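Enquirer: So here's start27.pdb (PDB, C-alpha atoms).
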ATOM      1  CA  MET A   2      33.199  61.069 -74.763  1.00  0.00           C
ATOM      2  CA  GLY A   3      33.649  58.591 -71.956  1.00  0.00           C
ATOM      3  CA  LYS A   4      32.515  55.000 -72.043  1.00  0.00           C
ATOM      4  CA  LYS A   5      29.075  54.224 -70.724  1.00  0.00           C
ATOM      5  CA  ARG A   6      29.257  51.812 -67.794  1.00  0.00           C
ATOM      6  CA  THR A   7      26.500  49.581 -66.627  1.00  0.00           C
ATOM      7  CA  SER A   8      26.108  47.356 -63.595  1.00  0.00           C
ATOM      8  CA  ASN A   9      23.133  45.506 -65.024  1.00  0.00           C
ATOM      9  CA  VAL A  10      25.090  42.608 -66.520  1.00  0.00           C
ATOM     10  CA  GLY A  11      24.261  38.963 -65.851  1.00  0.00           C
ATOM     11  CA  GLY A  12      27.576  37.504 -66.983  1.00  0.00           C
ATOM     12  CA  ARG A  13      27.459  33.743 -67.526  1.00  0.00           C
ATOM     13  CA  THR A  14      24.286  33.059 -65.616  1.00  0.00           C
ATOM     14  CA  ARG A  15      23.909  29.323 -65.008  1.00  0.00           C
ATOM     15  CA  VAL A  16      20.888  29.175 -62.667  1.00  0.00           C
ATOM     16  CA  THR A  17      17.679  31.226 -62.764  1.00  0.00           C
ATOM     17  CA  TYR A  18      14.335  30.170 -61.329  1.00  0.00           C
ATOM     18  CA  ASP A  19      11.088  31.585 -59.965  1.00  0.00           C
ATOM     19  CA  ASP A  20      10.229  31.011 -56.343  1.00  0.00           C
ATOM     20  CA  PRO A  21       7.284  28.569 -56.378  1.00  0.00           C
ATOM     21  CA  SER A  22       6.338  29.719 -52.864  1.00  0.00           C
ATOM     22  CA  ASP A  23       5.871  33.312 -54.043  1.00  0.00           C
ATOM     23  CA  VAL A  24       2.137  33.540 -53.450  1.00  0.00           C
ATOM     24  CA  GLU A  25       1.841  37.212 -52.585  1.00  0.00           C
ATOM     25  CA  ALA A  26      -0.954  38.463 -54.817  1.00  0.00           C
ATOM     26  CA  ASN A  27       0.472  41.901 -55.588  1.00  0.00           C
ATOM     27  CA  ASN A  28      -0.612  41.676 -59.208  1.00  0.00           C
ATOM     28  CA  GLY A  29      -4.159  40.534 -58.524  1.00  0.00           C
ATOM     29  CA  ALA A  30      -3.498  36.843 -59.133  1.00  0.00           C
ATOM     30  CA  SER A  31      -3.315  34.117 -56.515  1.00  0.00           C
ATOM     31  CA  THR A  32       0.365  33.706 -57.366  1.00  0.00           C
ATOM     32  CA  ASP A  33       2.675  36.246 -58.916  1.00  0.00           C
ATOM     33  CA  TYR A  34       6.109  34.640 -59.280  1.00  0.00           C
ATOM     34  CA  ASN A  35       7.833  38.016 -59.010  1.00  0.00           C
ATOM     35  CA  LYS A  36      10.589  36.585 -56.814  1.00  0.00           C
ATOM     36  CA  LEU A  37      13.519  35.345 -58.883  1.00  0.00           C
ATOM     37  CA  PHE A  38      16.651  33.475 -57.798  1.00  0.00           C
ATOM     38  CA  SER A  39      19.764  33.695 -59.936  1.00  0.00           C
ATOM     39  CA  SER A  40      23.405  32.657 -59.947  1.00  0.00           C
ATOM     40  CA  GLY A  41      26.320  32.668 -62.305  1.00  0.00           C
ATOM     41  CA  ILE A  42      29.810  31.323 -62.587  1.00  0.00           C
ATOM     42  CA  GLY A  43      31.027  34.160 -60.360  1.00  0.00           C
ATOM     43  CA  GLY A  44      29.232  32.543 -57.458  1.00  0.00           C
ATOM     44  CA  GLY A  45      26.611  33.101 -54.839  1.00  0.00           C
ATOM     45  CA  LEU A  46      22.851  32.737 -54.968  1.00  0.00           C
ATOM     46  CA  TRP A  47      21.060  36.044 -55.435  1.00  0.00           C
ATOM     47  CA  VAL A  48      17.388  36.917 -55.122  1.00  0.00           C
ATOM     48  CA  ASN A  49      15.222  39.688 -56.514  1.00  0.00           C
ATOM     49  CA  ASN A  50      12.006  40.007 -54.532  1.00  0.00           C
ATOM     50  CA  ASP A  51      10.148  41.858 -57.296  1.00  0.00           C
ATOM     51  CA  ILE A  52      11.458  41.578 -60.840  1.00  0.00           C
ATOM     52  CA  THR A  53       8.681  43.891 -62.040  1.00  0.00           C
ATOM     53  CA  ASP A  54      10.292  46.808 -60.166  1.00  0.00           C
ATOM     54  CA  VAL A  55      13.072  48.358 -62.284  1.00  0.00           C
ATOM     55  CA  ASN A  56      14.697  49.707 -59.102  1.00  0.00           C
ATOM     56  CA  SER A  57      14.795  46.379 -57.276  1.00  0.00           C
ATOM     57  CA  ILE A  58      18.131  44.818 -56.423  1.00  0.00           C
ATOM     58  CA  TYR A  59      19.562  41.289 -56.139  1.00  0.00           C
ATOM     59  CA  PRO A  60      20.922  40.835 -52.603  1.00  0.00           C
ATOM     60  CA  ILE A  61      22.903  37.673 -51.978  1.00  0.00           C
ATOM     61  CA  ILE A  62      21.311  34.778 -50.101  1.00  0.00           C
ATOM     62  CA  PRO A  63      23.400  34.381 -46.942  1.00  0.00           C
ATOM     63  CA  GLY A  64      23.053  30.585 -46.770  1.00  0.00           C
ATOM     64  CA  LEU A  65      25.773  29.905 -49.375  1.00  0.00           C
ATOM     65  CA  THR A  66      29.349  31.073 -49.735  1.00  0.00           C
ATOM     66  CA  GLU A  67      29.463  34.200 -51.887  1.00  0.00           C
ATOM     67  CA  ASN A  68      32.012  32.849 -54.356  1.00  0.00           C
ATOM     68  CA  LEU A  69      30.480  29.368 -54.710  1.00  0.00           C
ATOM     69  CA  ASN A  70      29.855  28.637 -58.399  1.00  0.00           C
ATOM     70  CA  LEU A  71      26.307  27.324 -58.839  1.00  0.00           C
ATOM     71  CA  SER A  72      25.421  25.342 -61.939  1.00  0.00           C
ATOM     72  CA  ALA A  73      22.183  23.432 -61.360  1.00  0.00           C
ATOM     73  CA  TYR A  74      19.084  23.494 -59.204  1.00  0.00           C
ATOM     74  CA  ALA A  75      15.882  21.581 -58.522  1.00  0.00           C
ATOM     75  CA  ILE A  76      12.824  22.365 -56.437  1.00  0.00           C
ATOM     76  CA  ASP A  77      11.311  19.597 -54.348  1.00  0.00           C
ATOM     77  CA  PRO A  78       7.869  18.780 -55.847  1.00  0.00           C
ATOM     78  CA  ASN A  79       6.580  17.840 -52.391  1.00  0.00           C
ATOM     79  CA  ASP A  80       7.850  20.957 -50.587  1.00  0.00           C
ATOM     80  CA  SER A  81       8.363  24.201 -52.509  1.00  0.00           C
ATOM     81  CA  MET A  82      10.419  25.587 -49.608  1.00  0.00           C
ATOM     82  CA  THR A  83      13.104  22.979 -50.368  1.00  0.00           C
ATOM     83  CA  PHE A  84      15.655  23.587 -53.146  1.00  0.00           C
ATOM     84  CA  TYR A  85      18.704  21.572 -54.171  1.00  0.00           C
ATOM     85  CA  ILE A  86      21.649  23.491 -55.600  1.00  0.00           C
ATOM     86  CA  GLY A  87      24.611  21.960 -57.441  1.00  0.00           C
ATOM     87  CA  THR A  88      28.058  23.528 -57.666  1.00  0.00           C
ATOM     88  CA  SER A  89      30.858  23.616 -60.242  1.00  0.00           C
ATOM     89  CA  GLU A  90      31.076  24.072 -63.968  1.00  0.00           C
ATOM     90  CA  GLN A  91      32.311  21.089 -65.939  1.00  0.00           C
ATOM     91  CA  TYR A  92      32.942  23.082 -69.114  1.00  0.00           C
ATOM     92  CA  THR A  93      36.007  24.806 -67.672  1.00  0.00           C
ATOM     93  CA  ALA A  94      38.320  21.765 -67.534  1.00  0.00           C
ATOM     94  CA  GLY A  95      38.625  21.957 -63.774  1.00  0.00           C
ATOM     95  CA  ALA A  96      38.988  25.746 -63.432  1.00  0.00           C
ATOM     96  CA  ALA A  97      35.702  26.058 -61.497  1.00  0.00           C
ATOM     97  CA  VAL A  98      35.694  23.085 -59.138  1.00  0.00           C
ATOM     98  CA  GLU A  99      33.448  23.477 -56.128  1.00  0.00           C
ATOM     99  CA  ASN A 100      32.254  21.094 -53.501  1.00  0.00           C
ATOM    100  CA  GLY A 101      29.054  19.320 -54.387  1.00  0.00           C
ATOM    101  CA  LEU A 102      25.375  19.478 -53.634  1.00  0.00           C
ATOM    102  CA  TYR A 103      23.518  21.730 -51.201  1.00  0.00           C
ATOM    103  CA  LYS A 104      19.987  21.653 -49.817  1.00  0.00           C
ATOM    104  CA  THR A 105      17.899  24.439 -48.329  1.00  0.00           C
ATOM    105  CA  ILE A 106      14.602  23.828 -46.566  1.00  0.00           C
ATOM    106  CA  ASP A 107      13.863  27.516 -45.975  1.00  0.00           C
ATOM    107  CA  ARG A 108      13.987  29.015 -49.500  1.00  0.00           C
ATOM    108  CA  GLY A 109      17.710  29.700 -49.350  1.00  0.00           C
ATOM    109  CA  SER A 110      18.077  31.334 -45.928  1.00  0.00           C
ATOM    110  CA  SER A 111      20.342  28.512 -44.820  1.00  0.00           C
ATOM    111  CA  CYS A 112      21.951  25.657 -46.727  1.00  0.00           C
ATOM    112  CA  THR A 113      23.600  22.392 -45.804  1.00  0.00           C
ATOM    113  CA  GLU A 114      25.902  20.224 -47.878  1.00  0.00           C
ATOM    114  CA  VAL A 115      24.402  16.924 -49.034  1.00  0.00           C
ATOM    115  CA  PRO A 116      26.707  13.922 -49.451  1.00  0.00           C
ATOM    116  CA  VAL A 117      26.554  12.494 -52.973  1.00  0.00           C
ATOM    117  CA  THR A 118      26.742   8.713 -53.062  1.00  0.00           C
ATOM    118  CA  PRO A 119      27.587   6.925 -56.329  1.00  0.00           C
ATOM    119  CA  ALA A 120      24.728   4.840 -57.738  1.00  0.00           C
ATOM    120  CA  VAL A 121      27.195   2.195 -58.934  1.00  0.00           C
ATOM    121  CA  PRO A 122      29.250   0.335 -56.294  1.00  0.00           C
ATOM    122  CA  ARG A 123      32.891   1.453 -56.325  1.00  0.00           C
ATOM    123  CA  ASN A 124      35.973   1.479 -54.161  1.00  0.00           C
ATOM    124  CA  LEU A 125      35.473   4.825 -52.411  1.00  0.00           C
ATOM    125  CA  ASN A 126      38.714   4.383 -50.470  1.00  0.00           C
ATOM    126  CA  ALA A 127      40.898   4.371 -53.598  1.00  0.00           C
ATOM    127  CA  PRO A 128      43.216   7.409 -53.548  1.00  0.00           C
ATOM    128  CA  SER A 129      42.816   7.784 -57.306  1.00  0.00           C
ATOM    129  CA  ASP A 130      39.035   8.084 -57.081  1.00  0.00           C
ATOM    130  CA  LEU A 131      38.268  11.593 -58.393  1.00  0.00           C
ATOM    131  CA  PHE A 132      34.702  11.409 -57.092  1.00  0.00           C
ATOM    132  CA  THR A 133      35.835  10.870 -53.517  1.00  0.00           C
ATOM    133  CA  ALA A 134      38.587  13.456 -53.826  1.00  0.00           C
ATOM    134  CA  GLY A 135      35.973  16.082 -54.644  1.00  0.00           C
ATOM    135  CA  ILE A 136      37.037  16.837 -58.206  1.00  0.00           C
ATOM    136  CA  PHE A 137      33.577  16.515 -59.664  1.00  0.00           C
ATOM    137  CA  PHE A 138      30.857  18.704 -61.082  1.00  0.00           C
ATOM    138  CA  ILE A 139      27.128  18.680 -60.475  1.00  0.00           C
ATOM    139  CA  THR A 140      25.689  18.964 -63.987  1.00  0.00           C
ATOM    140  CA  ASP A 141      21.999  18.342 -63.286  1.00  0.00           C
ATOM    141  CA  ILE A 142      19.582  17.689 -60.430  1.00  0.00           C
ATOM    142  CA  ILE A 143      16.158  16.078 -60.567  1.00  0.00           C
ATOM    143  CA  VAL A 144      13.842  15.662 -57.595  1.00  0.00           C
ATOM    144  CA  TRP A 145      11.198  13.083 -58.345  1.00  0.00           C
ATOM    145  CA  ASP A 146       7.922  12.602 -56.468  1.00  0.00           C
ATOM    146  CA  ASN A 147       7.710   8.865 -55.811  1.00  0.00           C
ATOM    147  CA  ASN A 148       4.253   8.520 -54.216  1.00  0.00           C
ATOM    148  CA  GLY A 149       4.817  11.391 -51.789  1.00  0.00           C
ATOM    149  CA  THR A 150       8.493  10.662 -51.157  1.00  0.00           C
ATOM    150  CA  SER A 151      11.067  12.953 -52.753  1.00  0.00           C
ATOM    151  CA  GLU A 152      13.919  11.135 -54.482  1.00  0.00           C
ATOM    152  CA  VAL A 153      16.942  13.186 -55.547  1.00  0.00           C
ATOM    153  CA  PHE A 154      18.987  12.250 -58.615  1.00  0.00           C
ATOM    154  CA  VAL A 155      22.211  14.089 -59.409  1.00  0.00           C
ATOM    155  CA  GLY A 156      24.161  14.156 -62.668  1.00  0.00           C
ATOM    156  CA  VAL A 157      27.870  14.204 -61.878  1.00  0.00           C
ATOM    157  CA  GLY A 158      30.710  14.873 -64.305  1.00  0.00           C
ATOM    158  CA  PHE A 159      34.469  14.919 -63.812  1.00  0.00           C
ATOM    159  CA  THR A 160      37.642  16.069 -65.473  1.00  0.00           C
ATOM    160  CA  ILE A 161      41.173  14.731 -65.480  1.00  0.00           C
TER     161      ILE A 161
END
Rewrite the coordinates I just gave you, this time as structure tokens.
Expert:
Amino acid sequence: MGKKRTSNVGGRTRVTYDDPSDVEANNGASTDYNKLFSSGIGGGLWVNNDITDVNSIYPIIPGLTENLNLSAYAIDPNDSMTFYIGTSEQYTAGAAVENGLYKTIDRGSSCTEVPVTPAVPRNLNAPSDLFTAGIFFITDIIVWDNNGTSEVFVGVGFTI
């Protein structure tokens, strides 16, 4: 007998979230949350438009590089069309270094890189500064509603 092969394997999935803008009432409710975004250490942001359909697929979102390792996300509480996506995986001792934080204002159709500024003053011109050199990992993202203004906080780790 041959080995059974399957293509329905999530691998090391690091990011999975429902689309909060998914308000199509195909299940009789005012919201259905059938749209699911997902990503793993292999990279890319993928979307399934109806997770209740066993034949549905996960096409890649074209706004991000296909091999970009995604590790964290946050949805803007003031605008559910806006997501923040963090790259890298700190637990690999530098084997999965990516390039920072991304923002989409159109549910993932296009993304732009967001500069990450240290909260503590430092010499950003120092050649030994790992943060400036890009050898850092986004470990967590929080978007806080501060009286109608979205404030983004990013957890950053590094490795030597």
Enquirer: Check what the PyMOL selection byres ((chain A and resi 77-79) around 7) selects in the file above and give those residues as a ChimeraX atom specification.
Expert: /A:75-76,80-81,83-84,144,146,149,151
Enquirer: Take the residues from that selection and write them out as a compact mmCIF listing (two decimals), in the coordinates of the input, keeping C-alpha atoms.
Expert:
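Final file, again_39.txt:
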# COMPACT_ATOMS: atom_id res chain seq x y z
CA ALA A 75 15.88 21.58 -58.52
CA ILE A 76 12.82 22.36 -56.44
CA ASP A 80 7.85 20.96 -50.59
CA SER A 81 8.36 24.20 -52.51
CA THR A 83 13.10 22.98 -50.37
CA PHE A 84 15.66 23.59 -53.15
CA VAL A 144 13.84 15.66 -57.60
CA ASP A 146 7.92 12.60 -56.47
CA GLY A 149 4.82 11.39 -51.79
CA SER A 151 11.07 12.95 -52.75
Enquirer: Taking the file as shown, find all residues satisfying the PyMOL selection byres ((chain A and resi 116) around 8) and write them as a ChimeraX atom specification.
Expert: /A:101-102,114-115,117-118
Enquirer: Could you write out that same residue set with C-alpha atoms as a PDB file, in the coordinates of the input?
Expert:
ATOM      1  CA  GLY A 101      29.054  19.320 -54.387  1.00  0.00           C
ATOM      2  CA  LEU A 102      25.375  19.478 -53.634  1.00  0.00           C
ATOM      3  CA  GLU A 114      25.902  20.224 -47.878  1.00  0.00           C
ATOM      4  CA  VAL A 115      24.402  16.924 -49.034  1.00  0.00           C
ATOM      5  CA  VAL A 117      26.554  12.494 -52.973  1.00  0.00           C
ATOM      6  CA  THR A 118      26.742   8.713 -53.062  1.00  0.00           C
TER       7      THR A 118
END
Enquirer: Given the file above and the PyMOL selection byres ((chain A and resi 47) around 7), which residues are selected, and can you give them as a list in words?
Expert: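 Written out, the selection comes to Phe38, Ser39, Ser40, Gly45, Leu46, Val48, Asn49, Tyr59, Pro60, Ile61 and Ile62 of chain A.
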Enquirer: Once 8 Å is added on each side, what centre and edge lengths in Å to one decimal does the axis-aligned box around all listed atoms of range 141-149 of chain A have, as JSON?
Expert:
{"center_x": 13.1, "center_y": 13.4, "center_z": -57.5, "size_x": 33.7, "size_y": 25.8, "size_z": 27.5}
Enquirer: Choose the residue, out of A:Ile86, A:Val155, A:Leu69, A:Ile106, that has the smallest atom-to-atom separation from Gly41 in chain A; count only C-alpha atoms.
Expert: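 Checking each of A:Ile86, A:Val155, A:Leu69, A:Ile106 against Gly41 in chain A, counting only C-alpha atoms, the winner is A:Leu69.
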Enquirer: Can you tell me, as a VMD selection string, what residues are no more than 12 Å from Ile52 in chain A when counting all atoms listed in the file, ignoring any on the same chain fewer than 3 positions away?
Expert: chain A and resid 18 to 20 33 to 39 48 to 49 55 to 59
Enquirer: Which polymer residues, whether protein, DNA or RNA, lie within 9 Å of the coordinate (31.4, 38.4, -52.5) when you count all atoms listed in the file? List them as a ChimeraX atom specification, using the chain letters and numbers from the file.
Expert: /A:43-45,61,66-68
Enquirer: Would you save the residues from that selection as an mmCIF file, in the coordinates of the input, using C-alpha atoms?
Expert:
data_model
loop_
_atom_site.group_PDB
_atom_site.id
_atom_site.type_symbol
_atom_site.label_atom_id
_atom_site.label_comp_id
_atom_site.auth_asym_id
_atom_site.auth_seq_id
_atom_site.Cartn_x
_atom_site.Cartn_y
_atom_site.Cartn_z
ATOM 1 C CA GLY A 43 31.027 34.160 -60.360
ATOM 2 C CA GLY A 44 29.232 32.543 -57.458
ATOM 3 C CA GLY A 45 26.611 33.101 -54.839
ATOM 4 C CA ILE A 61 22.903 37.673 -51.978
ATOM 5 C CA THR A 66 29.349 31.073 -49.735
ATOM 6 C CA GLU A 67 29.463 34.200 -51.887
ATOM 7 C CA ASN A 68 32.012 32.849 -54.356
#
Enquirer: Mind pulling up the distance from CA of Arg13 in chain A to CA of Asp54 in chain A?
Expert: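 According to the coordinates, CA of Asp54 in chain A and CA of Arg13 in chain A are separated by 22.8 Å.
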Enquirer: Using Å and a single decimal, report how far CA of Tyr74 in chain A sits from CA of Thr14 in chain A.
Expert: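 So the answer is 12.6 Å.
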Enquirer: Can you tell me how far CA of Thr17 in chain A sits from CA of Lys104 in chain A, in Å to one decimal?
Expert: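 Result for CA of Thr17 in chain A versus CA of Lys104 in chain A: 16.3 Å, one decimal.
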Enquirer: Pick from A:Asn70, A:Thr53, A:Ser111, A:Thr105: nearest to Thr88 in chain A, with all atoms listed in the file counted?
Expert: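 The shortest atom-to-atom distance to Thr88 in chain A comes from A:Asn70.
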Enquirer: Which residue gives the smallest distance to Ser89 in chain A among A:Gly156, A:Pro63, A:Gly109, A:Pro21, with all atoms listed in the file counted?
Expert: A:Gly156
